[in-house]
$ cat input-v1.txt   # compact mmCIF, C-alpha atoms
# COMPACT_ATOMS: atom_id res chain seq x y z
CA MET O 1 -19.20 -34.03 -40.04
CA CYS O 2 -23.00 -33.84 -40.07
CA GLU O 3 -23.00 -34.69 -36.35
CA ASP O 4 -20.98 -31.53 -35.66
CA PHE O 5 -22.93 -29.16 -37.90
CA VAL O 6 -26.48 -30.52 -37.64
CA THR O 7 -26.99 -30.73 -33.88
CA ASP O 8 -29.08 -29.18 -31.10
CA LYS O 9 -25.87 -27.89 -29.51
CA ILE O 10 -25.63 -25.22 -32.20
CA LEU O 11 -28.51 -23.40 -30.48
CA GLY O 12 -26.37 -22.74 -27.43
CA ASP O 13 -24.09 -19.72 -27.09
CA GLY O 14 -20.50 -20.09 -28.26
CA TYR O 15 -20.83 -23.52 -29.86
CA GLN O 16 -17.58 -24.22 -31.76
CA PHE O 17 -17.36 -26.21 -34.98
CA GLU O 18 -13.66 -26.88 -34.48
CA SER O 19 -11.08 -26.81 -31.69
CA LYS O 20 -9.42 -23.44 -32.44
CA GLY O 21 -12.63 -21.44 -32.08
CA ALA O 22 -12.50 -19.49 -35.34
CA TYR O 23 -15.65 -21.21 -36.58
CA LYS O 24 -18.46 -20.96 -34.06
CA ALA O 25 -22.16 -20.26 -33.85
CA PRO O 26 -22.97 -16.58 -33.22
CA ALA O 27 -24.46 -15.84 -29.81
CA LYS O 28 -28.20 -15.95 -29.34
CA GLY O 29 -29.80 -12.60 -30.12
CA ALA O 30 -27.02 -11.48 -32.48
CA THR O 31 -27.96 -8.68 -34.87
CA LEU O 32 -27.46 -8.54 -38.62
CA ASP O 33 -24.33 -6.44 -38.09
CA ASP O 34 -22.99 -9.09 -35.69
CA TYR O 35 -23.45 -11.75 -38.36
CA ASN O 36 -21.78 -9.58 -41.01
CA ASP O 37 -18.83 -8.89 -38.71
CA TYR O 38 -18.50 -12.58 -37.89
CA ILE O 39 -18.48 -13.56 -41.56
CA ALA O 40 -16.01 -10.78 -42.44
CA ASN O 41 -13.59 -12.05 -39.79
CA LEU O 42 -13.57 -15.65 -40.99
CA PRO O 43 -10.22 -16.83 -42.43
CA LEU O 44 -9.83 -16.15 -46.17
CA VAL O 45 -8.58 -19.71 -46.61
CA ASP O 46 -10.54 -22.32 -44.69
CA TRP O 47 -8.55 -23.94 -41.92
CA PRO O 48 -8.21 -27.72 -42.19
CA THR O 49 -9.47 -28.09 -38.61
CA VAL O 50 -13.01 -27.17 -39.65
CA PHE O 51 -13.08 -30.28 -41.82
CA GLY O 52 -11.65 -32.45 -39.05
CA PHE O 53 -8.04 -32.47 -40.29
CA ASP O 54 -4.96 -31.32 -38.41
CA ASP O 55 -2.56 -28.57 -39.52
CA ASN O 56 -0.38 -31.12 -41.32
CA ALA O 57 -3.12 -31.48 -43.93
CA THR O 58 -2.25 -28.02 -45.24
CA MET O 59 1.36 -29.09 -45.76
CA ILE O 60 0.29 -32.25 -47.60
CA LYS O 61 -2.02 -30.22 -49.85
CA ASN O 62 0.68 -27.63 -50.57
CA ASN O 63 3.23 -30.35 -51.35
CA LYS O 64 0.89 -32.01 -53.83
CA ASP O 65 0.04 -28.68 -55.48
CA THR O 66 3.76 -27.90 -55.78
CA LEU O 67 4.55 -31.29 -57.32
CA LYS O 68 1.69 -30.86 -59.78
CA LEU O 69 3.00 -27.42 -60.78
CA LEU O 70 6.56 -28.75 -61.20
CA ASP O 71 5.30 -31.65 -63.35
CA THR O 72 3.51 -29.12 -65.58
CA LEU O 73 6.63 -26.96 -65.89
CA LEU O 74 8.70 -30.06 -66.60
CA GLY O 75 6.43 -30.94 -69.50
CA LEU O 76 6.92 -27.45 -70.97
CA GLN O 77 10.71 -27.45 -70.90
CA PRO O 78 12.65 -27.66 -74.20
CA ARG O 79 13.54 -31.15 -75.40
CA THR O 80 17.26 -30.47 -75.27
CA GLY O 81 20.21 -31.75 -73.29
CA GLY O 82 21.62 -30.16 -70.18
CA GLY O 83 24.57 -27.82 -69.81
CA SER O 84 27.12 -30.64 -69.81
CA GLY O 85 27.36 -30.68 -73.59
CA LYS O 86 25.30 -33.86 -73.89
CA THR O 87 22.41 -33.99 -76.30
CA ARG O 88 18.94 -35.08 -75.24
CA GLU O 89 19.50 -38.43 -76.93
CA ASP O 90 22.78 -38.90 -75.03
CA VAL O 91 21.04 -38.29 -71.72
CA ILE O 92 18.25 -40.76 -72.48
CA GLU O 93 20.65 -43.42 -73.76
CA GLU O 94 22.90 -43.09 -70.73
CA LEU O 95 19.88 -43.44 -68.42
CA ALA O 96 18.48 -46.41 -70.36
CA VAL O 97 21.80 -48.26 -70.30
CA ASP O 98 22.20 -47.61 -66.56
CA ILE O 99 18.72 -48.99 -65.75
CA GLN O 100 19.26 -51.92 -68.11
CA LYS O 101 22.45 -52.92 -66.28
CA ARG O 102 20.63 -52.91 -62.95
CA MET O 103 17.85 -55.21 -64.11
CA PRO O 104 18.32 -58.89 -63.13
CA GLU O 105 17.45 -61.91 -65.25
CA LEU O 106 13.90 -63.24 -65.35
CA PHE O 107 12.85 -65.61 -62.58
CA GLU O 108 12.93 -69.33 -63.37
CA VAL O 109 9.25 -70.04 -62.85
CA GLU O 110 9.50 -73.75 -63.69
CA ARG O 111 12.28 -74.18 -61.14
CA ALA O 112 10.15 -72.34 -58.59
CA LYS O 113 7.22 -74.69 -59.25
CA VAL O 114 9.47 -77.66 -58.46
CA LYS O 115 11.02 -76.09 -55.35
CA PHE O 116 7.69 -74.69 -54.12
CA PRO O 117 5.06 -77.18 -55.33
CA VAL O 118 1.32 -76.89 -54.83
CA VAL O 119 0.78 -78.22 -51.31
CA TYR O 120 -2.54 -78.37 -49.48
CA SER O 121 -1.07 -77.10 -46.22
CA GLU O 122 0.97 -74.20 -47.72
CA SER O 123 -0.90 -71.78 -49.97
CA MET O 124 2.04 -69.37 -49.99
CA ASN O 125 3.79 -71.61 -52.52
CA THR O 126 1.05 -70.83 -55.05
CA VAL O 127 1.11 -67.13 -54.13
CA PHE O 128 4.89 -67.08 -54.63
CA VAL O 129 4.79 -68.67 -58.10
CA GLN O 130 1.96 -66.37 -59.21
CA GLU O 131 3.92 -63.34 -58.06
CA LEU O 132 6.96 -64.49 -60.05
CA VAL O 133 4.82 -64.70 -63.19
CA ARG O 134 3.52 -61.16 -62.64
CA PHE O 135 6.96 -59.71 -61.98
CA ASN O 136 8.45 -61.58 -64.95
CA ARG O 137 5.85 -59.96 -67.19
CA LEU O 138 6.82 -56.48 -66.00
CA LEU O 139 10.55 -57.24 -65.92
CA SER O 140 10.43 -58.57 -69.49
CA THR O 141 8.66 -55.41 -70.65
CA VAL O 142 11.25 -53.17 -68.96
CA ARG O 143 14.26 -55.09 -70.27
CA THR O 144 12.94 -55.45 -73.84
CA SER O 145 11.80 -51.82 -74.17
CA LEU O 146 15.15 -50.51 -72.88
CA VAL O 147 17.04 -52.57 -75.46
CA GLU O 148 14.74 -51.32 -78.25
CA LEU O 149 15.05 -47.71 -77.09
CA VAL O 150 18.85 -47.82 -77.12
CA LYS O 151 18.81 -49.33 -80.62
CA ALA O 152 16.38 -46.65 -81.81
CA LEU O 153 18.56 -43.88 -80.39
CA LYS O 154 21.54 -45.33 -82.29
CA GLY O 155 19.50 -45.54 -85.49
CA GLN O 156 19.58 -49.34 -85.66
CA VAL O 157 15.77 -49.63 -85.59
CA VAL O 158 12.91 -47.24 -86.35
CA MET O 159 12.00 -44.84 -83.53
CA SER O 160 8.34 -45.72 -83.05
CA THR O 161 5.77 -43.46 -81.39
CA GLU O 162 5.82 -45.66 -78.29
CA LEU O 163 9.60 -45.55 -78.00
CA GLU O 164 9.65 -41.78 -78.50
CA ALA O 165 7.05 -41.34 -75.76
CA MET O 166 9.11 -43.64 -73.54
CA GLY O 167 12.23 -41.53 -74.10
CA ASN O 168 10.34 -38.33 -73.33
CA LYS O 169 9.07 -39.75 -70.05
CA MET O 170 12.51 -40.94 -69.01
CA PHE O 171 14.05 -37.57 -69.90
CA ASP O 172 11.49 -35.93 -67.60
CA GLY O 173 12.25 -38.40 -64.79
CA GLN O 174 8.88 -40.14 -65.07
CA VAL O 175 7.90 -43.78 -65.45
CA PRO O 176 7.10 -44.65 -69.12
CA ASP O 177 3.48 -45.46 -69.90
CA ASN O 178 4.33 -48.85 -71.39
CA TRP O 179 5.79 -49.81 -68.00
CA THR O 180 2.91 -48.51 -65.90
CA LYS O 181 0.42 -50.51 -67.97
CA LYS O 182 2.11 -53.73 -66.81
CA SER O 183 3.06 -52.43 -63.36
CA TYR O 184 1.57 -52.36 -59.88
CA PRO O 185 0.10 -48.99 -58.75
CA SER O 186 2.83 -46.46 -57.96
CA LEU O 187 3.19 -42.67 -57.94
CA LYS O 188 6.97 -42.65 -57.59
CA PRO O 189 9.19 -40.79 -60.07
CA LEU O 190 11.45 -42.86 -62.33
CA ALA O 191 14.42 -43.09 -59.94
CA GLY O 192 12.26 -44.07 -56.98
CA TRP O 193 10.21 -46.49 -59.09
CA VAL O 194 13.34 -48.33 -60.32
CA SER O 195 14.77 -48.61 -56.79
CA ASP O 196 11.45 -49.85 -55.44
CA PHE O 197 11.11 -52.35 -58.31
CA LEU O 198 14.58 -53.75 -57.63
CA GLU O 199 13.78 -54.11 -53.91
CA ARG O 200 10.66 -56.11 -54.78
CA LEU O 201 12.62 -58.34 -57.13
CA ASN O 202 15.26 -58.84 -54.46
CA MET O 203 12.62 -59.91 -51.94
CA PHE O 204 11.41 -62.69 -54.22
CA ALA O 205 14.97 -63.65 -55.17
CA ASN O 206 15.69 -64.18 -51.47
CA TRP O 207 12.43 -66.11 -51.14
CA MET O 208 13.57 -68.36 -54.00
CA LYS O 209 16.91 -69.01 -52.28
CA GLY O 210 15.91 -69.39 -48.65
CA GLY O 211 12.16 -69.98 -48.56
CA SER O 212 9.36 -67.72 -47.40
CA PRO O 213 10.40 -64.94 -44.99
CA ASN O 214 9.48 -64.92 -41.30
CA VAL O 215 8.26 -61.32 -41.63
CA TYR O 216 6.69 -60.32 -44.94
CA TRP O 217 7.31 -56.96 -46.60
CA ILE O 218 3.68 -56.43 -47.58
CA SER O 219 4.60 -53.48 -49.81
CA GLY O 220 6.62 -55.79 -52.06
CA PHE O 221 3.74 -57.85 -53.41
CA PHE O 222 2.39 -57.19 -56.89
CA PHE O 223 -1.12 -58.44 -56.02
CA THR O 224 -1.37 -58.06 -52.24
CA GLN O 225 -4.85 -59.56 -52.00
CA SER O 226 -3.54 -62.97 -53.12
CA PHE O 227 -1.12 -62.94 -50.17
CA LEU O 228 -3.96 -62.16 -47.76
CA THR O 229 -6.14 -64.87 -49.29
CA GLY O 230 -3.26 -67.34 -48.96
CA THR O 231 -2.99 -66.48 -45.27
CA LYS O 232 -6.69 -67.22 -44.80
CA GLN O 233 -6.45 -70.46 -46.78
CA ASN O 234 -3.61 -71.78 -44.63
CA TYR O 235 -5.66 -71.18 -41.48
CA ALA O 236 -8.86 -72.58 -43.01
CA ARG O 237 -7.16 -75.80 -44.10
CA LYS O 238 -5.27 -76.21 -40.81
CA TYR O 239 -8.42 -76.01 -38.68
CA THR O 240 -10.97 -77.21 -41.28
CA ILE O 241 -13.03 -74.01 -41.26
CA PRO O 242 -14.84 -72.58 -44.33
CA ILE O 243 -12.73 -69.71 -45.63
CA ASP O 244 -15.73 -67.36 -45.85
CA GLU O 245 -16.16 -67.68 -42.07
CA ILE O 246 -12.63 -66.45 -41.39
CA VAL O 247 -11.74 -62.83 -40.58
CA PHE O 248 -8.54 -61.10 -39.55
CA ASP O 249 -7.63 -59.87 -36.10
CA PHE O 250 -4.60 -57.59 -35.77
CA GLU O 251 -1.95 -56.91 -33.17
CA VAL O 252 0.83 -54.35 -33.40
CA VAL O 253 4.10 -55.99 -32.29
CA PRO O 254 6.92 -53.39 -32.29
CA GLU O 255 9.35 -55.90 -30.77
CA VAL O 256 9.22 -57.99 -33.96
CA THR O 257 11.64 -56.67 -36.58
CA LYS O 258 12.12 -57.79 -40.17
CA GLU O 259 15.09 -59.90 -39.02
CA HIS O 260 12.87 -61.92 -36.66
CA LYS O 261 13.97 -65.55 -36.45
CA SER O 262 10.60 -67.32 -36.32
CA LYS O 263 7.08 -67.23 -37.73
CA PRO O 264 3.89 -67.07 -35.66
CA SER O 265 2.00 -70.33 -35.19
CA ASP O 266 -0.95 -68.89 -37.12
CA GLY O 267 -1.19 -65.95 -39.47
CA CYS O 268 1.86 -63.87 -40.35
CA TYR O 269 3.95 -60.81 -39.51
CA ILE O 270 3.96 -57.88 -41.94
CA TYR O 271 5.92 -54.63 -42.13
CA GLY O 272 6.40 -51.77 -44.59
CA LEU O 273 3.27 -49.68 -43.92
CA PHE O 274 3.19 -45.89 -43.49
CA LEU O 275 0.59 -44.14 -41.34
CA GLU O 276 -0.76 -40.90 -42.82
CA GLY O 277 -2.46 -38.36 -40.58
CA ALA O 278 -1.49 -40.00 -37.29
CA LYS O 279 1.28 -41.92 -35.53
CA TRP O 280 1.52 -45.09 -33.48
CA GLY O 281 2.33 -44.70 -29.79
CA GLU O 282 4.45 -47.66 -28.74
CA LYS O 283 4.19 -46.87 -25.02
CA GLU O 284 0.45 -46.19 -25.22
CA ASN O 285 -0.10 -49.11 -27.63
CA CYS O 286 -2.64 -47.13 -29.62
CA ILE O 287 -2.99 -44.64 -32.45
CA LEU O 288 -2.17 -41.02 -31.56
CA GLU O 289 -2.29 -37.60 -33.21
CA ALA O 290 0.68 -36.90 -35.47
CA LEU O 291 3.37 -34.48 -34.37
CA PRO O 292 3.51 -31.05 -36.10
CA LYS O 293 5.09 -31.35 -39.56
CA GLN O 294 5.00 -35.16 -39.30
CA LEU O 295 3.19 -36.03 -42.52
CA TYR O 296 3.87 -39.77 -42.41
CA SER O 297 5.12 -42.18 -39.77
CA VAL O 298 6.47 -45.69 -40.13
CA MET O 299 4.10 -48.28 -38.74
CA PRO O 300 5.64 -51.02 -36.56
CA THR O 301 5.30 -54.69 -37.45
CA ILE O 302 1.74 -56.00 -37.40
CA GLN O 303 0.68 -59.58 -36.76
CA ILE O 304 -2.26 -60.71 -38.86
CA LYS O 305 -4.25 -63.28 -36.89
CA PRO O 306 -6.88 -65.25 -38.82
CA CYS O 307 -9.80 -66.45 -36.72
CA ALA O 308 -13.44 -67.51 -37.06
CA LYS O 309 -15.93 -64.64 -37.02
CA LYS O 310 -17.57 -65.92 -33.84
CA GLU O 311 -14.18 -65.95 -32.06
CA LEU O 312 -13.29 -62.33 -32.87
CA LYS O 313 -13.19 -60.34 -29.64
CA GLN O 314 -15.09 -57.03 -29.63
CA ASP O 315 -13.86 -55.74 -26.26
CA LYS O 316 -11.46 -53.12 -27.62
CA ILE O 317 -11.93 -49.55 -28.84
CA LEU O 318 -10.76 -49.76 -32.44
CA TYR O 319 -10.38 -47.71 -35.58
CA LYS O 320 -10.75 -49.61 -38.83
CA CYS O 321 -7.83 -48.05 -40.65
CA PRO O 322 -7.94 -48.52 -44.45
CA VAL O 323 -4.75 -49.56 -46.21
CA TYR O 324 -4.04 -48.29 -49.74
CA LYS O 325 -1.24 -48.94 -52.19
CA THR O 326 -0.81 -45.25 -53.11
CA SER O 327 -1.75 -41.89 -51.63
CA THR O 328 -4.46 -41.27 -54.25
CA ARG O 329 -6.63 -43.66 -52.20
CA ALA O 330 -8.67 -44.43 -55.29
CA GLY O 331 -8.64 -47.35 -57.67
CA GLN O 332 -10.70 -49.37 -60.05
CA LEU O 333 -12.53 -52.63 -59.54
CA SER O 334 -10.42 -55.30 -61.24
CA THR O 335 -11.66 -58.52 -62.85
CA THR O 336 -10.80 -60.38 -59.63
CA GLY O 337 -13.38 -58.33 -57.71
CA HIS O 338 -10.70 -56.43 -55.77
CA SER O 339 -9.79 -52.77 -55.91
CA THR O 340 -6.55 -51.88 -57.66
CA ASN O 341 -5.66 -49.60 -54.73
CA PHE O 342 -7.51 -50.56 -51.54
CA VAL O 343 -5.92 -53.52 -49.75
CA LEU O 344 -7.78 -54.12 -46.49
CA ALA O 345 -8.88 -52.44 -43.24
CA VAL O 346 -6.64 -52.95 -40.20
CA ASP O 347 -8.10 -52.62 -36.69
CA LEU O 348 -5.94 -50.26 -34.63
CA ARG O 349 -6.41 -49.56 -30.93
CA THR O 350 -7.49 -46.01 -30.02
CA ARG O 351 -8.39 -44.05 -26.89
CA LYS O 352 -11.88 -43.32 -25.61
CA SER O 353 -11.14 -39.62 -26.10
CA HIS O 354 -10.46 -40.30 -29.78
CA PRO O 355 -13.24 -42.60 -31.03
CA GLU O 356 -13.37 -44.01 -34.52
CA LYS O 357 -15.27 -41.02 -35.95
CA PHE O 358 -12.40 -38.73 -34.90
CA TRP O 359 -9.93 -40.63 -37.11
CA VAL O 360 -12.46 -40.94 -39.92
CA ARG O 361 -12.72 -37.14 -40.01
CA ARG O 362 -8.93 -36.88 -39.94
CA GLY O 363 -8.77 -39.10 -43.01
CA VAL O 364 -6.20 -41.37 -41.34
CA ALA O 365 -5.05 -44.27 -43.50
CA MET O 366 -2.03 -46.50 -44.05
CA LEU O 367 -0.07 -46.67 -47.30
CA THR O 368 2.16 -49.45 -48.62
CA GLN O 369 4.44 -46.90 -50.27
CA LEU O 370 5.13 -43.17 -50.36
CA ASP O 371 5.19 -40.99 -53.47
CA THR O 372 8.95 -40.42 -53.41
$ encode --input "input-v1.txt" --output "structure tokens"
Amino acid sequence: MCEDFVTDKILGDGYQFESKGAYKAPAKGATLDDYNDYIANLPLVDWPTVFGFDDNATMIKNNKDTLKLLDTLLGLQPRTGGGSGKTREDVIEELAVDIQKRMPELFEVERAKVKFPVVYSESMNTVFVQELVRFNRLLSTVRTSLVELVKALKGQVVMSTELEAMGNKMFDGQVPDNWTKKSYPSLKPLAGWVSDFLERLNMFANWMKGGSPNVYWISGFFFTQSFLTGTKQNYARKYTIPIDEIVFDFEVVPEVTKEHKSKPSDGCYIYGLFLEGAKWGEKENCILEALPKQLYSVMPTIQIKPCAKKELKQDKILYKCPVYKTSTRAGQLSTTGHSTNFVLAVDLRTRKSHPEKFWVRRGVAMLTQLDT
């Protein structure tokens, strides 16, 4: 933004700070009254275009403000049942029993270790077993807490502070705190979180039955960075290259669907990403401006291609698009040295008319999941 506001061009007549022309430098020789009139005619609410965003940014902001307001109102509502004659406790118990029935059994980690042993040439076996351990920890917490909550509602055990808080959250349609502490980052409400959790469990159940998928649902991993490290390790061991000399190249391959019948010779295919603030043009094979009212767009399949740093081609106009797990785009540095939210930066092709700084100002990023 400094390049647009701190520049010699501002000394010329009619210099515009954004495309619509509402924000521009007053003409040379303007009087004090001209300046006052210009300031008085500026929009009462700043347009997103002056900050580099498109008009969709206003819709995203309004949606988030509305959800925040509704969450506040939800927290103020009376702790009573609905108009169906059910008490609050009946509603919570019915919901807890329903979720409990949908939860599968824990993964058999020892069986997975035998079926997918530690092999030098296949790091994904280790990644798979580690993911099962993480999901078992969360699944055990969900299953155990639901059983305890139902018992507490029936008066069979003492209703602890934690169980009461859990019931309140579920009644409000939110994910209980004791689940989020053991969970991956997510901003989904309770119904969406449960459905997403079951989809992740199903992905690893299918992996257990039929082996690693040809196209990976990158959104389904608990600790995505371990999957990316495993991809690098496989390439490093195959070609005997130090892993710290390996980087990722990327290619968008719309023709590859999640039902693809084969794996690439090196690297992997991934899907499940959402592009925020832009869209992918399949005909143009590059990133384009989003359509009006198009807040998110589904990103086609991407092939991750490991290669040595010296072999990475620099002959393309690219935008290093950051990938985050949630729309907050902020996380904490974990003990592993990785962010709890940022995943990696994916190089996407762009046009000369839209260089990297254009997309940086737009705040374009990819997400592994939406908030709903």
$ closest_residue --input "input-v1.txt" --among "O:Val346, O:Gln294, O:Trp193, O:Pro254" --to "Gln369 (chain O)" --atoms "all atoms listed in the file"
O:Trp193
$ residues_around --input "input-v1.txt" --residues "Thr326 (chain O)" --least-positions-apart "5" --cutoff "10 Å" --atoms "all atoms listed in the file" --output "ChimeraX atom specification"
/O:185-188,331,340-342,366-371
$ closest_residue --input "input-v1.txt" --among "O:Glu282, O:Glu110, O:Glu259, O:Asp249" --to "Lys320 (chain O)" --atoms "all atoms listed in the file"
O:Asp249
$ atom_distance --input "input-v1.txt" --atom1 "CA of Met208 (chain O)" --atom2 "CA of Thr180 (chain O)"
25.5 Å
$ closest_residue --input "input-v1.txt" --among "O:Lys209, O:Gln332, O:Gln130, O:Val253" --to "Gly230 (chain O)" --atoms "only C-alpha atoms"
O:Gln130
$ decode --input "input-v1.txt" --residues "region 204-218 of chain O" --atoms "N, CA and C atoms" --output "compact mmCIF listing (two decimals), in the first residue's frame"
# COMPACT_ATOMS: atom_id res chain seq x y z
N PHE O 204 -9.70 -41.86 7.07
CA PHE O 204 -8.66 -42.74 7.61
C PHE O 204 -9.16 -44.17 7.74
N ALA O 205 -10.46 -44.36 7.91
CA ALA O 205 -11.02 -45.71 7.90
C ALA O 205 -10.84 -46.35 6.53
N ASN O 206 -11.07 -45.57 5.47
CA ASN O 206 -10.87 -46.07 4.11
C ASN O 206 -9.39 -46.32 3.83
N TRP O 207 -8.54 -45.47 4.39
CA TRP O 207 -7.09 -45.66 4.26
C TRP O 207 -6.69 -46.99 4.90
N MET O 208 -7.26 -47.25 6.07
CA MET O 208 -6.96 -48.50 6.78
C MET O 208 -7.39 -49.73 5.95
N LYS O 209 -8.51 -49.61 5.26
CA LYS O 209 -9.03 -50.75 4.50
C LYS O 209 -8.29 -50.93 3.17
N GLY O 210 -8.12 -49.85 2.44
CA GLY O 210 -7.61 -49.98 1.07
C GLY O 210 -6.28 -49.35 0.79
N GLY O 211 -5.57 -48.88 1.81
CA GLY O 211 -4.28 -48.24 1.59
C GLY O 211 -4.41 -46.75 1.34
N SER O 212 -3.28 -46.09 1.18
CA SER O 212 -3.28 -44.64 1.01
C SER O 212 -4.00 -44.24 -0.26
N PRO O 213 -4.74 -43.12 -0.24
CA PRO O 213 -5.51 -42.70 -1.42
C PRO O 213 -4.61 -42.19 -2.53
N ASN O 214 -5.13 -42.21 -3.75
CA ASN O 214 -4.39 -41.65 -4.89
C ASN O 214 -4.40 -40.13 -4.87
N VAL O 215 -5.49 -39.56 -4.35
CA VAL O 215 -5.61 -38.11 -4.21
C VAL O 215 -5.97 -37.83 -2.75
N TYR O 216 -5.15 -37.07 -2.08
CA TYR O 216 -5.33 -36.83 -0.64
C TYR O 216 -6.25 -35.65 -0.39
N TRP O 217 -7.18 -35.84 0.54
CA TRP O 217 -8.01 -34.73 1.03
C TRP O 217 -7.19 -34.02 2.11
N ILE O 218 -6.50 -32.96 1.72
CA ILE O 218 -5.55 -32.32 2.62
C ILE O 218 -6.25 -31.70 3.83
